[in-house]
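First comes the structure, then the notes that go with it.
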Amino acid sequence: MILGLATDQLLELLWVMGIFSILSLSLNLVVGQAGLFQLGHVGFFAIGGIMTVYGTHADHLGLDLLAGILLGMAVSALCAVVIGLPTLRLRGDYFAIATLGFAIIVRVILEGYYIQGVYNIPPLNPFGHPIPFQTTVIGVTVGWRVIELLFVLGLLAVVYLFLVRLDRAPFGRALRAIREDEVAAQALGKNVMAFKLKAFVVSAMLAALAGSLYVHHLRVFDPSAYDFNLTILILVMVILGGLGSHQGAVLGAVLVTILNEVAKQLSGGVGHDIDAAALNNLLYSGLLVLLMVVRPQGILGDRDLRLMDRLFGRFRRRPGEDG
Amino acid sequence: MSTILEVKGLGVAFGGVRAVDGVSFDVREGSITGLIGPNGAGKTTVFDIATGFTRPQHGEVRFRGRRIDGLPPHVIARRGIGRTFQVIRLMPRLDATNNLLVAQRDQVGERIAGALFGDWRRQEAENRRTAQGILERVDLTHRKDVAAGSLSYGQQKLIEIGRTLSLDVDLILLDEPMAGVNPAMRGQILDLIHRLNEEHGKTFIIIEHDIQMIMGHSDDVIVLDHGKEIAQGPPQDIQNDPRVIEAYLGVGHDEEGKP
Ligand SMILES: Nc1ncnc2c1ncn2[C@@H]1O[C@H](COP(=O)(O)OP(=O)(O)OP(=O)(O)O)[C@@H](O)[C@H]1O
Ligand SMILES: [Mg+2]
């Protein structure tokens, strides 16, 4: 049935993978690398969405796309500071609960104001001028869905390289050290609070970025989409791929997207007897249980495969990597 | 010799337990000072206060004349006090080298901008050389790439001490560095302490239950009992102090505190 997908569906699937990859990569920074249990990632995803709507929509500020995206990231960063400052010094469970509460509050507020949804959101158009339905690039005719997809995948690549660079630098080592033993890290002069807050804020900003891209693509804002299940879904991606591994985060996003699609097709195929969402949940739960039994560290464990290094014969070890 | 650490009227209670109850002492710069006392005397709590992990309810702690009590641990560490823990605290999944590297000060690559755009690799290369030097000094060069969690117990203790060298502090607090370590390794740790003390001028405060060892290797000894300091002075005075003898005999011959 996957083979039967039309090009449009395939593009859509790749696009969802791109957005989910940015989301899971950003969550991995906090949960995988810093070892903080974050249960409200969807809140930042939603803030990115609504702020870009506010920034770019003709009924509101009417700014251009970039300004909208940056507005979402800035507001997200601010929220992360406000939540992080009081809770990150406390035990991890306070932080988990605070972030969970934050995501619920965001959703309740959004549903209060925008229960009908927001329509006519400007398209994800990086060029600023109106996009033709299709355009010719070097003699090849492509729909603007393709351009949009390339734009998102390009941003995904930037986010990926950014996070890998942070991780391989002493910043990443310090985060891992804090995850391993916070008390020891403090005794070694590390400002644990500052490191955690930085990771949390950066992660929130990237989630907001994904949130902006998401609404500009759908061109509709629906507050009910930002529920707790989505938080769990992102967590599943990170855990599935392997906490702490960037490639794992992307792999997790890809697998979950495929799984979603399979569930959708299956439930459609049996004549709507099975609810797609219920089937999804069943698949994830089963997969997670299987994973915990077979490979608790996730598919890739907590590291990246060094494909580039192997291909080019370099052998550089990431700070903090053993063996 | 000048005073490097000054503790005055220190007190803290956990619930009803007065873990530390009016403790005062001075530690001379360049000395090896032993901190002894029966189980539960409050020794570790004194370390926790001096390194910022426990906030005292009474009294003050001065490091080189400046108050440090109540400051957060990372600030105290940067001022120049390093410590090891009674229960070893390493980053088990980082290798030996990186356990040392992470302790280095002022790393450009620890700031986000520095990590992205800074030339942290040059500093890292230099830090690596420093780490190699420390590994040589603690005789663990052959284990440099081994995950800290896979090192032997004694080797882990050495890395923990090595980390305080990486942090480059003047005052090092060791909480039972010899406990549970085999005799050969004990000798190695003792040697290391003396070399660091004599060649690099490091000041040590060492908590130990092995009285013989403390008496034989420290310049000064402080004795705690039930949260109070009951004696301090050179080892030969302490050995004959009736209060010390009573404190130790009072806890019974089977206790760990027995010489
Ligand atoms: N965080 C804490 N909460 C409650 N009680 C504590 C805490 N830390 C220490 N205590 C209590 O304070 C007293 C002193 O403890 P401390 O660990 O300082 O003793 P110690 O001299 O290091 O003993 P040992 O030789 O067994 O290590 C003990 O009665 C202990 O139970
Ligand atoms: Mg103790």
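Here's how to read the names in the structure tokens: chain A, B, ... by the order shown, residue numbers from 1 in each chain, ligand numbers from 1 in the order shown.
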
Residues of chain B within 8 Å of chain A, counting only C-alpha atoms - could you list those as a ChimeraX atom specification? /B:51,73-78,82-83,89-95,98-99,102-103,105,107,109-112,115-116,120,145-147,163-164,167

Using N, CA, C and O atoms, can you export the residues from the last selection as a compact mmCIF listing (two decimals), in the first residue's frame?
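New file result_0.txt:
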# COMPACT_ATOMS: atom_id res chain seq x y z
N THR B 51 32.60 23.04 50.85
CA THR B 51 32.55 23.05 49.39
C THR B 51 31.19 23.52 48.86
O THR B 51 30.91 23.42 47.67
N PRO B 73 28.45 25.63 45.12
CA PRO B 73 29.63 24.76 44.99
C PRO B 73 30.55 25.13 43.83
O PRO B 73 31.77 25.11 43.99
N HIS B 74 29.97 25.48 42.66
CA HIS B 74 30.86 25.71 41.52
C HIS B 74 31.71 26.97 41.72
O HIS B 74 32.82 27.06 41.22
N VAL B 75 31.17 27.91 42.47
CA VAL B 75 31.93 29.14 42.73
C VAL B 75 33.10 28.83 43.68
O VAL B 75 34.23 29.27 43.46
N ILE B 76 32.80 28.04 44.71
CA ILE B 76 33.86 27.67 45.66
C ILE B 76 34.94 26.86 44.94
O ILE B 76 36.14 27.07 45.15
N ALA B 77 34.51 25.95 44.07
CA ALA B 77 35.49 25.15 43.31
C ALA B 77 36.41 26.06 42.51
O ALA B 77 37.62 25.87 42.49
N ARG B 78 35.82 27.06 41.86
CA ARG B 78 36.64 27.96 41.04
C ARG B 78 37.56 28.82 41.89
O ARG B 78 38.62 29.23 41.44
N GLY B 82 39.06 21.95 45.93
CA GLY B 82 38.60 20.75 45.23
C GLY B 82 38.33 19.65 46.23
O GLY B 82 38.80 19.71 47.37
N ARG B 83 37.57 18.65 45.83
CA ARG B 83 37.28 17.58 46.78
C ARG B 83 37.06 16.25 46.07
O ARG B 83 36.82 16.20 44.86
N ARG B 89 32.50 9.60 42.98
CA ARG B 89 31.61 10.24 42.00
C ARG B 89 32.39 10.60 40.76
O ARG B 89 32.97 11.68 40.67
N LEU B 90 32.42 9.68 39.80
CA LEU B 90 33.03 9.97 38.51
C LEU B 90 31.92 10.03 37.47
O LEU B 90 30.78 9.70 37.77
N MET B 91 32.27 10.45 36.25
CA MET B 91 31.32 10.35 35.15
C MET B 91 31.60 8.99 34.52
O MET B 91 32.52 8.86 33.69
N PRO B 92 30.85 7.95 34.91
CA PRO B 92 31.23 6.58 34.58
C PRO B 92 31.33 6.28 33.09
O PRO B 92 32.13 5.45 32.67
N ARG B 93 30.53 6.99 32.27
CA ARG B 93 30.55 6.67 30.84
C ARG B 93 31.56 7.50 30.06
O ARG B 93 31.80 7.25 28.88
N LEU B 94 32.13 8.52 30.70
CA LEU B 94 33.22 9.24 30.05
C LEU B 94 34.52 8.48 30.32
O LEU B 94 34.68 7.89 31.37
N ASP B 95 35.46 8.53 29.38
CA ASP B 95 36.72 7.83 29.62
C ASP B 95 37.58 8.62 30.60
O ASP B 95 37.24 9.74 30.99
N ASN B 98 38.65 12.12 29.52
CA ASN B 98 37.60 13.13 29.53
C ASN B 98 37.10 13.46 30.92
O ASN B 98 36.60 14.56 31.15
N ASN B 99 37.24 12.52 31.86
CA ASN B 99 36.92 12.85 33.24
C ASN B 99 37.84 13.94 33.76
O ASN B 99 37.45 14.78 34.56
N VAL B 102 37.04 17.42 31.54
CA VAL B 102 35.82 18.15 31.87
C VAL B 102 36.07 19.09 33.05
O VAL B 102 35.39 20.11 33.20
N ALA B 103 37.08 18.77 33.87
CA ALA B 103 37.34 19.59 35.06
C ALA B 103 38.14 20.85 34.75
O ALA B 103 38.30 21.71 35.61
N ARG B 105 39.38 24.47 33.65
CA ARG B 105 38.72 25.77 33.80
C ARG B 105 38.57 26.52 32.47
O ARG B 105 39.31 26.26 31.53
N GLN B 107 36.85 26.89 29.71
CA GLN B 107 36.91 26.30 28.39
C GLN B 107 36.06 27.10 27.40
O GLN B 107 34.85 27.26 27.60
N GLY B 109 35.07 26.30 24.52
CA GLY B 109 34.06 25.47 23.88
C GLY B 109 32.90 25.08 24.78
O GLY B 109 32.01 24.37 24.37
N GLU B 110 32.93 25.55 26.02
CA GLU B 110 31.79 25.26 26.90
C GLU B 110 30.70 26.31 26.77
O GLU B 110 29.59 26.12 27.23
N ARG B 111 31.06 27.44 26.13
CA ARG B 111 30.03 28.44 25.85
C ARG B 111 29.47 28.13 24.47
O ARG B 111 30.18 27.63 23.59
N ILE B 112 28.18 28.42 24.27
CA ILE B 112 27.55 28.04 23.00
C ILE B 112 28.24 28.74 21.83
O ILE B 112 28.61 28.09 20.84
N ALA B 115 31.56 27.18 21.26
CA ALA B 115 31.47 25.84 20.68
C ALA B 115 31.20 25.92 19.18
O ALA B 115 31.71 25.12 18.40
N LEU B 116 30.39 26.92 18.77
CA LEU B 116 30.01 27.02 17.36
C LEU B 116 31.08 27.70 16.52
O LEU B 116 31.45 27.23 15.46
N TRP B 120 38.06 26.42 19.81
CA TRP B 120 38.25 25.68 21.05
C TRP B 120 39.19 24.50 20.89
O TRP B 120 39.73 23.97 21.85
N ASP B 145 41.91 5.65 27.82
CA ASP B 145 40.71 5.58 26.99
C ASP B 145 39.61 4.69 27.58
O ASP B 145 38.60 4.43 26.93
N VAL B 146 39.83 4.22 28.80
CA VAL B 146 38.86 3.32 29.41
C VAL B 146 37.76 4.14 30.09
O VAL B 146 38.05 5.15 30.74
N ALA B 147 36.51 3.71 29.92
CA ALA B 147 35.40 4.38 30.61
C ALA B 147 35.67 4.34 32.11
O ALA B 147 36.06 3.30 32.65
N ARG B 163 41.27 14.63 39.07
CA ARG B 163 40.33 15.67 38.64
C ARG B 163 40.55 16.98 39.39
O ARG B 163 40.41 18.06 38.81
N THR B 164 40.90 16.87 40.68
CA THR B 164 41.14 18.11 41.43
C THR B 164 42.40 18.79 40.91
O THR B 164 42.53 20.01 41.00
N LEU B 167 41.35 20.59 37.81
CA LEU B 167 40.65 21.82 38.21
C LEU B 167 41.65 22.85 38.71
O LEU B 167 41.35 24.04 38.77

Check every protein, DNA and RNA residue against ligand 1, keep those with an atom at most 9 Å away (counting only C-alpha atoms and all ligand atoms), and present them as a VMD selection string. chain B and resid 12 to 20 36 to 48 54 86 175 to 176 207 to 209 224 to 227 256 to 257

List the spatial neighbours of Gln247 in chain A as a list in words - criterion: any atom at most 9 Å away, only C-alpha atoms, same-chain residues fewer than 4 positions off excluded.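 Contacts, with the query itself left out: Leu25, Tyr160, Gly241, Gly242, Leu251, Gly252, Leu300, Arg303, Asp304 and Leu305 of chain A.
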
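Minimum distance to Arg64 in chain B across B:Pro177, B:Gly80, B:Gly52, B:Gly9 (counting only C-alpha atoms) occurs at B:Gly80.
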
From the set B:Gly180, B:Leu35, B:Val27, B:Lys8, which residue has the shortest atom-to-atom contact distance to ligand 2, counting only C-alpha atoms and all ligand atoms? B:Leu35

Residues of range 2-228 of chain B in strand (DSSP E or B) according to DSSP, as JSON, numbers by chain? {"B": [3, 4, 5, 6, 7, 8, 9, 10, 11, 12, 13, 14, 17, 18, 19, 20, 21, 22, 23, 24, 25, 26, 27, 28, 32, 33, 34, 35, 36, 58, 59, 60, 61, 62, 63, 66, 67, 81, 82, 83, 95, 147, 171, 172, 173, 174, 175, 203, 204, 205, 206, 207, 220, 221, 222, 223, 224, 225, 228]}

Would you compute the distance between CA of Thr33 in chain B and CA of Gly216 in chain B? Give it in Å to one decimal. 11.3 Å

For ligand 2, which of B:Val223, B:Leu192, B:Val61, B:Val87 is the closest residue, counting only C-alpha atoms and all ligand atoms?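 Using only C-alpha atoms and all ligand atoms, ligand 2 sits closest to B:Val87.
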
Which neighbours of Pro223 in chain A fall inside 7 Å, counting only C-alpha atoms, when residues of the same chain fewer than 4 positions from it are skipped, and could you give them as a list in words?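 Everything that qualifies: Arg107, Leu110, Glu111, Tyr114, Ile115 and Gly117 of chain A.
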